[in-house]
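Source file: input-v6.tsv; contents: TSV, C-alpha atoms.
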```
chain	number	residue	atom	x	y	z
H	1	MET	CA	96.21	90.83	84.23
H	2	THR	CA	95.24	94.31	85.40
H	3	PHE	CA	92.74	95.36	88.00
H	4	THR	CA	91.51	98.92	88.25
H	5	PRO	CA	90.41	99.65	91.80
H	6	GLY	CA	87.82	102.21	90.78
H	7	LEU	CA	85.89	99.60	88.85
H	8	ILE	CA	86.14	97.02	91.60
H	9	GLY	CA	85.03	99.58	94.15
H	10	ALA	CA	81.97	100.44	92.11
H	11	VAL	CA	80.94	96.80	92.04
H	12	ALA	CA	81.62	96.28	95.72
H	13	SER	CA	79.65	99.30	96.83
H	14	SER	CA	76.49	98.19	95.05
H	15	GLY	CA	75.83	95.57	97.74
H	16	GLY	CA	75.61	97.97	100.68
H	17	ALA	CA	78.00	99.34	103.27
H	18	PRO	CA	81.66	98.25	103.00
H	19	LYS	CA	82.63	95.39	105.28
H	20	GLU	CA	85.35	95.67	107.87
H	21	THR	CA	88.55	94.29	106.31
H	22	TRP	CA	90.25	93.21	109.53
H	23	VAL	CA	87.85	91.55	111.96
H	24	ALA	CA	88.53	90.42	115.52
H	25	LEU	CA	87.47	86.78	115.56
H	26	ALA	CA	88.61	85.54	118.95
H	27	SER	CA	90.64	86.64	121.93
H	28	THR	CA	91.99	84.70	124.88
H	29	ALA	CA	93.51	86.48	127.89
H	30	LEU	CA	94.77	84.13	130.56
H	31	GLY	CA	93.81	84.81	134.15
H	32	SER	CA	95.75	81.75	135.32
H	33	ASP	CA	98.39	79.40	133.95
H	34	THR	CA	96.72	77.47	131.12
H	35	VAL	CA	97.68	74.54	128.92
H	36	GLY	CA	96.88	75.40	125.32
H	37	VAL	CA	94.42	77.67	123.55
H	38	THR	CA	91.97	76.46	120.91
H	39	TRP	CA	89.95	78.57	118.52
H	40	THR	CA	87.43	77.24	116.04
H	41	SER	CA	85.58	78.80	113.17
H	42	ALA	CA	82.27	77.84	114.75
H	43	GLY	CA	83.24	79.43	118.06
H	44	SER	CA	84.42	82.73	116.55
H	45	THR	CA	82.56	85.98	116.06
H	46	GLU	CA	82.24	85.18	112.35
H	47	SER	CA	82.84	82.07	110.23
H	48	TRP	CA	86.41	81.75	108.93
H	49	ALA	CA	84.91	80.79	105.58
H	50	ASN	CA	84.33	84.52	105.03
H	51	PHE	CA	88.02	85.40	105.17
H	52	GLN	CA	91.04	85.03	102.91
H	53	ASP	CA	93.77	85.16	105.55
H	54	LEU	CA	94.07	84.85	109.30
H	55	VAL	CA	96.40	86.72	111.63
H	56	VAL	CA	97.40	85.54	115.08
H	57	VAL	CA	98.87	88.08	117.50
H	58	ALA	CA	100.33	86.90	120.78
H	59	TYR	CA	101.76	88.38	123.92
H	60	SER	CA	102.98	85.35	125.77
H	61	GLN	CA	105.07	84.04	128.61
H	62	SER	CA	105.97	80.47	129.37
H	63	THR	CA	105.79	78.72	132.73
H	64	THR	CA	108.96	76.84	131.82
H	65	THR	CA	112.31	78.09	130.65
H	66	ALA	CA	113.01	79.03	127.03
H	67	ASN	CA	110.00	77.60	125.37
H	68	GLY	CA	107.77	78.37	122.45
H	69	VAL	CA	104.24	78.64	121.19
H	70	ILE	CA	103.39	76.65	118.10
H	71	ILE	CA	100.34	76.67	115.86
H	72	GLN	CA	98.63	73.48	114.74
H	73	TYR	CA	95.70	73.38	112.34
H	74	ASN	CA	92.48	71.39	112.51
H	75	ASN	CA	93.76	69.35	115.47
H	76	ASP	CA	96.43	67.73	113.26
H	77	THR	CA	99.28	66.69	115.56
H	78	THR	CA	101.24	64.68	112.98
H	79	THR	CA	104.81	65.98	112.84
H	80	ALA	CA	105.32	64.81	109.26
H	81	ASN	CA	102.58	67.19	108.12
H	82	TYR	CA	104.40	70.35	109.10
H	83	GLN	CA	107.61	71.79	107.68
H	84	TYR	CA	109.43	74.95	108.60
H	85	GLN	CA	112.28	77.29	107.81
H	86	ASP	CA	113.46	79.78	110.39
H	87	MET	CA	116.09	82.38	111.06
H	88	TYR	CA	116.70	83.95	114.44
H	89	THR	CA	119.24	85.84	116.42
H	90	ALA	CA	119.96	85.41	120.09
H	91	GLY	CA	122.36	88.27	120.64
H	92	ALA	CA	124.85	86.99	118.08
H	93	ALA	CA	125.09	86.05	114.42
H	94	PRO	CA	121.85	84.75	112.89
H	95	ILE	CA	121.11	81.05	112.90
H	96	SER	CA	118.80	79.25	110.50
H	97	ALA	CA	117.32	75.78	110.20
H	98	GLY	CA	114.56	73.87	108.48
H	99	GLY	CA	112.82	70.52	108.47
H	100	THR	CA	109.71	68.84	109.80
H	101	THR	CA	108.22	69.97	113.06
H	102	LYS	CA	105.18	69.85	115.31
H	103	GLY	CA	103.68	73.02	113.91
H	104	LEU	CA	104.45	76.60	112.97
H	105	TYR	CA	106.21	78.60	115.64
H	106	LEU	CA	104.23	81.67	116.59
H	107	LEU	CA	106.95	82.81	118.95
H	108	TRP	CA	109.68	81.76	121.31
H	109	SER	CA	109.32	82.79	124.90
H	110	ASP	CA	111.10	82.57	128.17
H	111	LYS	CA	110.02	82.32	131.78
H	112	HIS	CA	110.90	85.62	133.35
H	113	ALA	CA	111.46	84.84	136.99
H	114	THR	CA	113.04	88.20	137.62
H	115	GLN	CA	111.17	90.34	135.12
H	116	ASN	CA	107.59	89.20	135.13
H	117	GLU	CA	106.43	92.26	133.23
H	118	THR	CA	108.23	91.08	130.08
H	119	TYR	CA	106.35	88.98	127.56
H	120	ALA	CA	107.37	87.65	124.18
H	121	ILE	CA	105.47	88.91	121.16
H	122	GLY	CA	104.65	87.18	117.93
H	123	MET	CA	102.53	87.72	114.84
H	124	THR	CA	101.66	85.08	112.27
H	125	TYR	CA	100.05	85.56	108.86
H	126	ILE	CA	98.22	82.49	107.59
H	127	TYR	CA	97.50	82.66	103.88
H	128	ASP	CA	94.52	81.73	101.72
H	129	ILE	CA	92.95	79.49	104.33
H	130	ASN	CA	89.96	78.38	102.27
H	131	ASP	CA	91.68	77.47	98.99
H	132	THR	CA	91.61	73.66	98.92
H	133	ASN	CA	94.08	73.55	96.01
H	134	LYS	CA	96.90	74.55	98.34
H	135	TRP	CA	98.67	73.44	101.44
H	136	THR	CA	98.45	76.12	104.11
H	137	SER	CA	101.42	78.46	104.46
H	138	GLY	CA	102.23	80.90	107.24
H	139	ILE	CA	104.84	83.51	108.18
H	140	SER	CA	105.73	84.40	111.77
H	141	ARG	CA	107.76	87.23	113.24
H	142	PHE	CA	108.64	87.17	116.89
H	143	ALA	CA	110.78	88.72	119.58
H	144	ASP	CA	111.49	88.17	123.25
H	145	ASP	CA	113.74	90.17	125.50
H	146	ARG	CA	115.64	88.42	128.29
H	147	ASN	CA	117.08	91.32	130.20
H	148	GLY	CA	119.48	92.26	127.45
H	149	SER	CA	119.73	88.99	125.63
H	150	GLY	CA	116.79	87.41	123.89
H	151	TYR	CA	115.41	86.33	120.57
H	152	GLY	CA	114.31	87.96	117.37
H	153	GLY	CA	113.33	85.87	114.44
H	154	LEU	CA	111.31	84.86	111.44
H	155	GLU	CA	109.74	81.54	110.59
H	156	THR	CA	107.82	80.20	107.63
H	157	GLY	CA	105.71	77.11	107.95
H	158	LEU	CA	103.73	74.80	105.74
H	159	TRP	CA	100.87	72.51	106.74
H	160	LYS	CA	100.73	69.74	104.16
H	161	ASP	CA	96.97	69.52	103.95
H	162	THR	CA	94.55	71.10	101.51
H	163	SER	CA	91.65	71.32	103.96
H	164	ALA	CA	90.22	74.70	104.77
H	165	VAL	CA	91.45	75.84	108.16
H	166	SER	CA	88.65	75.63	110.73
H	167	GLU	CA	90.58	75.16	113.97
H	168	ILE	CA	93.77	76.62	115.41
H	169	ASP	CA	95.48	75.14	118.44
H	170	LEU	CA	98.18	77.09	120.23
H	171	ILE	CA	100.33	74.77	122.28
H	172	ASP	CA	103.50	74.95	124.26
H	173	TRP	CA	106.30	72.99	122.58
H	174	TYR	CA	106.58	70.68	125.57
H	175	GLY	CA	102.91	70.69	126.46
H	176	ASN	CA	103.38	72.93	129.46
H	177	ALA	CA	101.20	75.83	130.50
H	178	PHE	CA	101.20	79.38	129.21
H	179	ALA	CA	101.62	81.86	132.04
H	180	ALA	CA	98.84	83.98	133.47
H	181	GLY	CA	98.79	87.40	131.82
H	182	SER	CA	99.46	85.99	128.35
H	183	ARG	CA	97.09	87.12	125.63
H	184	TYR	CA	96.30	85.66	122.21
H	185	ASP	CA	94.18	87.29	119.50
H	186	LEU	CA	92.87	86.05	116.19
H	187	TYR	CA	91.90	88.28	113.29
H	188	GLY	CA	90.40	87.57	109.88
H	189	ILE	CA	91.36	89.51	106.77
H	190	ARG	CA	88.80	89.67	104.01
H	191	GLY	CA	89.74	89.24	100.38
H	192	GLU	CA	86.84	91.37	99.21
Y	1	MET	CA	83.06	103.32	111.90
Y	2	ALA	CA	85.57	103.62	109.07
Y	3	SER	CA	87.90	100.68	108.63
Y	4	ALA	CA	91.60	101.31	109.31
Y	5	VAL	CA	92.53	98.76	106.64
Y	6	GLU	CA	90.48	98.80	103.45
Y	7	PHE	CA	90.29	96.25	100.70
Y	8	ILE	CA	91.12	97.86	97.35
Y	9	ALA	CA	91.37	95.09	94.76
Y	10	LYS	CA	92.08	91.39	94.28
Y	11	THR	CA	93.41	89.22	91.47
Y	12	GLU	CA	92.89	85.46	91.77
Y	13	LEU	CA	94.31	83.63	88.81
Y	14	GLY	CA	92.15	81.19	86.88
Y	15	SER	CA	94.99	80.51	84.46
Y	16	ASP	CA	98.75	80.99	84.33
Y	17	THR	CA	99.45	84.71	83.90
Y	18	SER	CA	102.54	86.64	82.83
Y	19	SER	CA	102.14	89.55	85.27
Y	20	VAL	CA	99.70	91.08	87.72
Y	21	SER	CA	99.13	94.83	87.95
Y	22	PHE	CA	97.12	97.08	90.18
Y	23	THR	CA	96.41	100.34	88.40
Y	24	SER	CA	94.71	103.68	89.16
Y	25	ILE	CA	95.52	103.34	92.85
Y	26	PRO	CA	94.03	106.31	94.67
Y	27	GLY	CA	96.32	108.46	96.81
Y	28	THR	CA	93.93	108.48	99.73
Y	29	TYR	CA	95.72	106.02	102.02
Y	30	GLN	CA	98.82	106.33	104.17
Y	31	HIS	CA	100.35	103.01	103.18
Y	32	LEU	CA	99.63	100.10	100.85
Y	33	GLN	CA	99.96	96.40	101.50
Y	34	ILE	CA	99.83	93.52	99.07
Y	35	ARG	CA	99.19	90.08	100.51
Y	36	ALA	CA	99.70	87.17	98.16
Y	37	SER	CA	99.80	83.40	97.95
Y	38	VAL	CA	102.06	82.80	95.00
Y	39	ARG	CA	103.71	80.22	92.73
Y	40	ASP	CA	105.70	80.48	89.49
Y	41	THR	CA	105.35	78.10	86.52
Y	42	ALA	CA	109.11	78.07	85.77
Y	43	SER	CA	110.73	74.64	85.45
Y	44	ASP	CA	112.59	74.71	88.71
Y	45	TYR	CA	111.95	74.38	92.43
Y	46	VAL	CA	112.07	78.14	92.95
Y	47	GLU	CA	112.26	81.13	90.63
Y	48	SER	CA	112.56	84.88	90.94
Y	49	ILE	CA	109.73	87.35	91.09
Y	50	TYR	CA	109.93	91.15	90.95
Y	51	VAL	CA	107.95	94.34	91.46
Y	52	GLN	CA	107.94	97.64	89.58
Y	53	LEU	CA	106.13	100.85	90.50
Y	54	GLY	CA	104.71	103.64	88.43
Y	55	GLY	CA	103.43	107.19	88.81
Y	56	ALA	CA	101.46	109.52	86.58
Y	57	SER	CA	104.32	110.02	84.13
Y	58	ASP	CA	105.02	106.31	83.67
Y	59	SER	CA	103.33	104.04	81.20
Y	60	PRO	CA	102.35	102.33	83.34
Y	61	VAL	CA	105.45	101.54	85.48
Y	62	ASP	CA	109.00	102.84	85.69
Y	63	THR	CA	111.30	100.41	83.86
Y	64	GLY	CA	114.44	102.53	84.24
Y	65	ASN	CA	117.37	101.90	86.55
Y	66	ASN	CA	115.59	103.61	89.42
Y	67	TYR	CA	115.34	100.91	92.03
Y	68	ILE	CA	117.59	99.98	94.95
Y	69	ARG	CA	117.27	96.63	96.67
Y	70	ASN	CA	118.80	95.04	99.75
Y	71	TYR	CA	117.84	91.68	101.13
Y	72	ILE	CA	118.68	88.76	103.33
Y	73	ASP	CA	118.05	85.22	102.11
Y	74	VAL	CA	117.65	82.18	104.29
Y	75	ASP	CA	117.93	78.73	102.74
Y	76	GLY	CA	118.25	75.68	104.95
Y	77	THR	CA	121.01	76.52	107.39
Y	78	SER	CA	122.61	79.42	105.55
Y	79	GLU	CA	121.95	83.14	105.52
Y	80	THR	CA	123.24	85.47	102.84
Y	81	GLY	CA	122.70	89.14	102.25
Y	82	SER	CA	123.27	91.44	99.32
Y	83	GLY	CA	122.23	94.68	97.76
Y	84	GLN	CA	122.36	96.44	94.44
Y	85	LEU	CA	121.94	100.00	93.17
Y	86	SER	CA	120.45	101.09	89.84
Y	87	ASN	CA	118.16	98.19	89.06
Y	88	THR	CA	115.12	98.05	86.81
Y	89	ASN	CA	113.01	96.45	89.56
Y	90	ILE	CA	112.93	95.36	93.16
Y	91	TRP	CA	113.76	91.67	93.35
Y	92	LEU	CA	111.39	90.08	95.85
Y	93	GLY	CA	113.18	86.74	95.98
Y	94	LYS	CA	112.34	83.30	94.69
Y	95	ALA	CA	108.84	81.86	94.75
Y	96	THR	CA	107.90	78.21	94.76
Y	97	ALA	CA	107.96	76.94	91.17
Y	98	ALA	CA	106.84	74.06	88.96
Y	99	SER	CA	109.17	71.33	90.24
Y	100	ALA	CA	107.77	71.58	93.74
Y	101	ASP	CA	104.68	69.72	94.92
Y	102	SER	CA	101.67	71.21	93.16
Y	103	GLU	CA	99.99	72.16	96.45
Y	104	LYS	CA	102.90	74.35	97.52
Y	105	PHE	CA	102.30	78.09	97.32
Y	106	GLY	CA	104.33	80.63	99.27
Y	107	GLY	CA	103.03	83.49	101.34
Y	108	MET	CA	104.19	87.01	100.58
Y	109	PHE	CA	103.50	90.50	101.83
Y	110	ILE	CA	104.71	93.80	100.41
Y	111	ASN	CA	104.40	97.06	102.32
Y	112	ILE	CA	104.66	100.27	100.30
Y	113	LEU	CA	105.07	103.10	102.75
Y	114	ASP	CA	103.81	106.67	102.44
Y	115	TYR	CA	103.37	105.96	98.74
Y	116	ALA	CA	101.55	109.21	97.91
Y	117	ASN	CA	104.03	111.58	99.56
Y	118	THR	CA	105.81	113.45	96.77
Y	119	ASP	CA	108.56	114.66	99.13
Y	120	LYS	CA	109.92	111.15	99.56
Y	121	GLN	CA	111.30	108.40	97.45
Y	122	THR	CA	109.12	105.33	97.95
Y	123	THR	CA	110.24	102.64	100.37
Y	124	VAL	CA	109.19	99.03	100.05
Y	125	GLN	CA	109.41	96.17	102.53
Y	126	ALA	CA	108.68	92.62	101.44
Y	127	PHE	CA	108.78	89.10	102.76
Y	128	LEU	CA	108.51	86.02	100.56
Y	129	GLU	CA	108.57	82.37	101.55
Y	130	ALA	CA	109.07	79.41	99.22
Y	131	HIS	CA	108.59	75.79	100.23
Y	132	TYR	CA	110.13	74.00	97.36
Y	133	THR	CA	111.55	70.49	97.21
Y	134	SER	CA	109.57	67.30	97.56
Y	135	GLY	CA	111.23	67.10	100.96
Y	136	ASN	CA	111.28	69.82	103.55
Y	137	SER	CA	113.51	72.51	102.15
Y	138	ALA	CA	112.32	76.06	102.21
Y	139	ARG	CA	113.73	79.50	101.76
Y	140	MET	CA	112.69	83.01	102.60
Y	141	ARG	CA	113.74	86.52	101.78
Y	142	PHE	CA	113.27	89.79	103.59
Y	143	THR	CA	113.69	92.75	101.23
Y	144	ALA	CA	114.20	96.45	101.71
Y	145	GLY	CA	113.64	98.30	98.46
Y	146	LEU	CA	113.56	101.87	97.24
Y	147	TRP	CA	112.03	103.45	94.17
Y	148	THR	CA	114.12	106.61	93.63
Y	149	ASP	CA	111.24	108.69	92.33
Y	150	LEU	CA	109.07	111.31	94.01
Y	151	GLU	CA	105.85	110.58	92.18
Y	152	ALA	CA	102.89	109.12	94.00
Y	153	VAL	CA	102.54	105.44	93.26
Y	154	GLN	CA	99.57	104.77	91.01
Y	155	THR	CA	100.54	101.41	89.56
Y	156	ILE	CA	102.13	98.28	91.00
Y	157	LYS	CA	103.28	95.52	88.66
Y	158	LEU	CA	104.30	92.09	89.89
Y	159	ILE	CA	106.42	90.07	87.49
Y	160	PRO	CA	107.23	86.34	87.62
Y	161	ASN	CA	110.08	84.52	85.96
Y	162	VAL	CA	107.69	82.80	83.53
Y	163	ASN	CA	104.07	82.97	84.71
Y	164	PHE	CA	102.26	83.21	87.98
Y	165	ALA	CA	100.51	79.88	88.40
Y	166	THR	CA	96.78	79.28	88.50
Y	167	HIS	CA	95.33	79.72	92.02
Y	168	SER	CA	97.89	82.39	92.91
Y	169	VAL	CA	96.05	85.24	94.60
Y	170	PHE	CA	97.09	88.87	95.10
Y	171	THR	CA	95.13	91.31	97.25
Y	172	LEU	CA	95.79	95.04	97.64
Y	173	TYR	CA	94.86	96.86	100.84
Y	174	GLY	CA	95.05	100.49	101.85
Y	175	LEU	CA	96.01	101.48	105.40
Y	176	LYS	CA	94.48	104.67	106.69
Y	177	GLY	CA	96.68	107.32	108.30
```
Translate the structure described by the file into structure tokens.
Amino acid sequence: MTFTPGLIGAVASSGGAPKETWVALASTALGSDTVGVTWTSAGSTESWANFQDLVVVAYSQSTTTANGVIIQYNNDTTTANYQYQDMYTAGAAPISAGGTTKGLYLLWSDKHATQNETYAIGMTYIYDINDTNKWTSGISRFADDRNGSGYGGLETGLWKDTSAVSEIDLIDWYGNAFAAGSRYDLYGIRGE
Amino acid sequence: MASAVEFIAKTELGSDTSSVSFTSIPGTYQHLQIRASVRDTASDYVESIYVQLGGASDSPVDTGNNYIRNYIDVDGTSETGSGQLSNTNIWLGKATAASADSEKFGGMFINILDYANTDKQTTVQAFLEAHYTSGNSARMRFTAGLWTDLEAVQTIKLIPNVNFATHSVFTLYGLKG
């Protein structure tokens, strides 16, 4: 199957001005330690039904040691519904693992008692969120410096549900708070 | 305000399809990105998929031994890496295939950098995930590829082992410089 962009562009332009492809849907910047962040389609700047993919970008610090931020969809907390495969390095040879889990890791982060200016970063692509023929898949890339040591890694995750994604919950692995100064942003990517 | 990332074209499969191509790509962007949700119809849990590129002199893609590929694979608890010179394509890894649960599709992105610069050979980065068995096994590949040609990329062809499955979707974006 072949698509010729010129032809597609001609069709798309007949409906008016081009739409923004990447759209900021929600942003949460923490002014104090906070347990969890929730975004919904209804509470965003535009309905998620208008987008093909979502992207989560995080700049995060934990209030506990060596913790992580995971993504759950549509308030589904059932561990059996999520599977993962990861690979990371922590200053040595890479390590990988897979199995069922609580959700898709967005990033791993540390509590930086002596370097409070350092935050972990993570970015997750969530694919084809409105296609109800598919389970929802995502890819995360993350890094966190720990004064010379730290993490860098990749994770893929699958949510075994065909529902369109309409809610994203960011939670600490152990249910603890994210540290003040952390920031989480959600973007939509159009498929048109 | 102009968008920094522009939608160029999309292919969403209504039936199993032997390849997907984006043609007549304008040279007006700095970089290209393909985002895809993909599955192969091969009779296995995972099967290979590939990409080839083409410029003005190709018809429509370069099928010669003009590609270099390096990659790291992760599967369960093992990591392996490899690389090859003089290939006829860039091997993107293995996508979820027909023996896996029918709802399983893997995410993929491909970045094609500075694709219109005729002073450079074209570099490609790709990431492909495949959730495959009826249990929880998954694999992923991160690829660094090179097309050893100086032509501006005008065509991108994605090739499955057998067919790309119905409901696979491929979207091409242009990133402004």
**Prompt:** What's the 6 Å shell around segment 5-15 of chain Y, counting all atoms listed in the file, without same-chain residues fewer than 2 positions away, as a list in words?
**Reply:**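 Contacts, with the query itself left out: Pro5 and Thr21 of chain H; Ser3, Thr166, His167, Ser168, Val169, Phe170, Thr171, Leu172, Tyr173, Gly174 and Leu175 of chain Y.
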Can I get the selection written as a PDB file, keeping the file's coordinate frame, with C-alpha atoms?
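Resulting contents of result.pdb:
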```pdb
ATOM      1  CA  PRO H   5      90.410  99.650  91.800  1.00  0.00           C
ATOM      2  CA  THR H  21      88.550  94.290 106.310  1.00  0.00           C
TER       3      THR H  21
ATOM      4  CA  SER Y   3      87.900 100.680 108.630  1.00  0.00           C
ATOM      5  CA  THR Y 166      96.780  79.280  88.500  1.00  0.00           C
ATOM      6  CA  HIS Y 167      95.330  79.720  92.020  1.00  0.00           C
ATOM      7  CA  SER Y 168      97.890  82.390  92.910  1.00  0.00           C
ATOM      8  CA  VAL Y 169      96.050  85.240  94.600  1.00  0.00           C
ATOM      9  CA  PHE Y 170      97.090  88.870  95.100  1.00  0.00           C
ATOM     10  CA  THR Y 171      95.130  91.310  97.250  1.00  0.00           C
ATOM     11  CA  LEU Y 172      95.790  95.040  97.640  1.00  0.00           C
ATOM     12  CA  TYR Y 173      94.860  96.860 100.840  1.00  0.00           C
ATOM     13  CA  GLY Y 174      95.050 100.490 101.850  1.00  0.00           C
ATOM     14  CA  LEU Y 175      96.010 101.480 105.400  1.00  0.00           C
TER      15      LEU Y 175
END
```
Do you have, as a tab-separated table, the list of residues of segment 86-167 of chain Y lying at most 12 Å from segment 124-131 of chain H, each with its nearest atom pair and that distance in Å to one decimal, counting all atoms listed in the file and ordered by chain then number?
```
residue	atom	partner	partner_atom	distance
Y:Glu103	CA	H:Asp131	CA	10.2
Y:Lys104	CA	H:Asp131	CA	11.7
Y:Phe105	CA	H:Tyr127	CA	9.3
Y:Gly106	CA	H:Tyr127	CA	8.5
Y:Gly107	CA	H:Tyr127	CA	6.1
Y:Met108	CA	H:Tyr127	CA	8.6
Y:Phe109	CA	H:Tyr125	CA	9.3
Y:Phe127	CA	H:Tyr125	CA	11.2
Y:Leu128	CA	H:Tyr125	CA	11.9
Y:Glu129	CA	H:Tyr127	CA	11.3
Y:Thr166	CA	H:Asp131	CA	11.8
Y:His167	CA	H:Asp131	CA	8.2
```
Go ahead and save the residues from that selection, with C-alpha atoms, as a PDB file, keeping the file's coordinate frame.
```
ATOM      1  CA  GLU Y 103      99.990  72.160  96.450  1.00  0.00           C
ATOM      2  CA  LYS Y 104     102.900  74.350  97.520  1.00  0.00           C
ATOM      3  CA  PHE Y 105     102.300  78.090  97.320  1.00  0.00           C
ATOM      4  CA  GLY Y 106     104.330  80.630  99.270  1.00  0.00           C
ATOM      5  CA  GLY Y 107     103.030  83.490 101.340  1.00  0.00           C
ATOM      6  CA  MET Y 108     104.190  87.010 100.580  1.00  0.00           C
ATOM      7  CA  PHE Y 109     103.500  90.500 101.830  1.00  0.00           C
ATOM      8  CA  PHE Y 127     108.780  89.100 102.760  1.00  0.00           C
ATOM      9  CA  LEU Y 128     108.510  86.020 100.560  1.00  0.00           C
ATOM     10  CA  GLU Y 129     108.570  82.370 101.550  1.00  0.00           C
ATOM     11  CA  THR Y 166      96.780  79.280  88.500  1.00  0.00           C
ATOM     12  CA  HIS Y 167      95.330  79.720  92.020  1.00  0.00           C
TER      13      HIS Y 167
END
```
**Request:** Pull out every residue of chain H sitting within 9 Å of chain Y, counting only C-alpha atoms, and send them as an MDAnalysis selection string.
**Result:** chainID H and resid 1:6 8:9 18:22 53 82:87 94:100 125:128 131:139 155:158 160:162 190:192
**Request:** Compute the distance from (94.9, 86.9, 121.3) to each atom, counting all atoms listed in the file, keep the residues with any atom at most 12 Å away, and return them as number ranges by chain; use the coordinates of the file.
**Result:** H: 24-30, 37-39, 55-60, 106, 121-124, 168, 170, 181-187
**Request:** Using atom CA of Tyr105 of chain H and atom CA of Gly68 of chain H as the two end points, give the distance in Å to one decimal.
**Result:** 7.0 Å
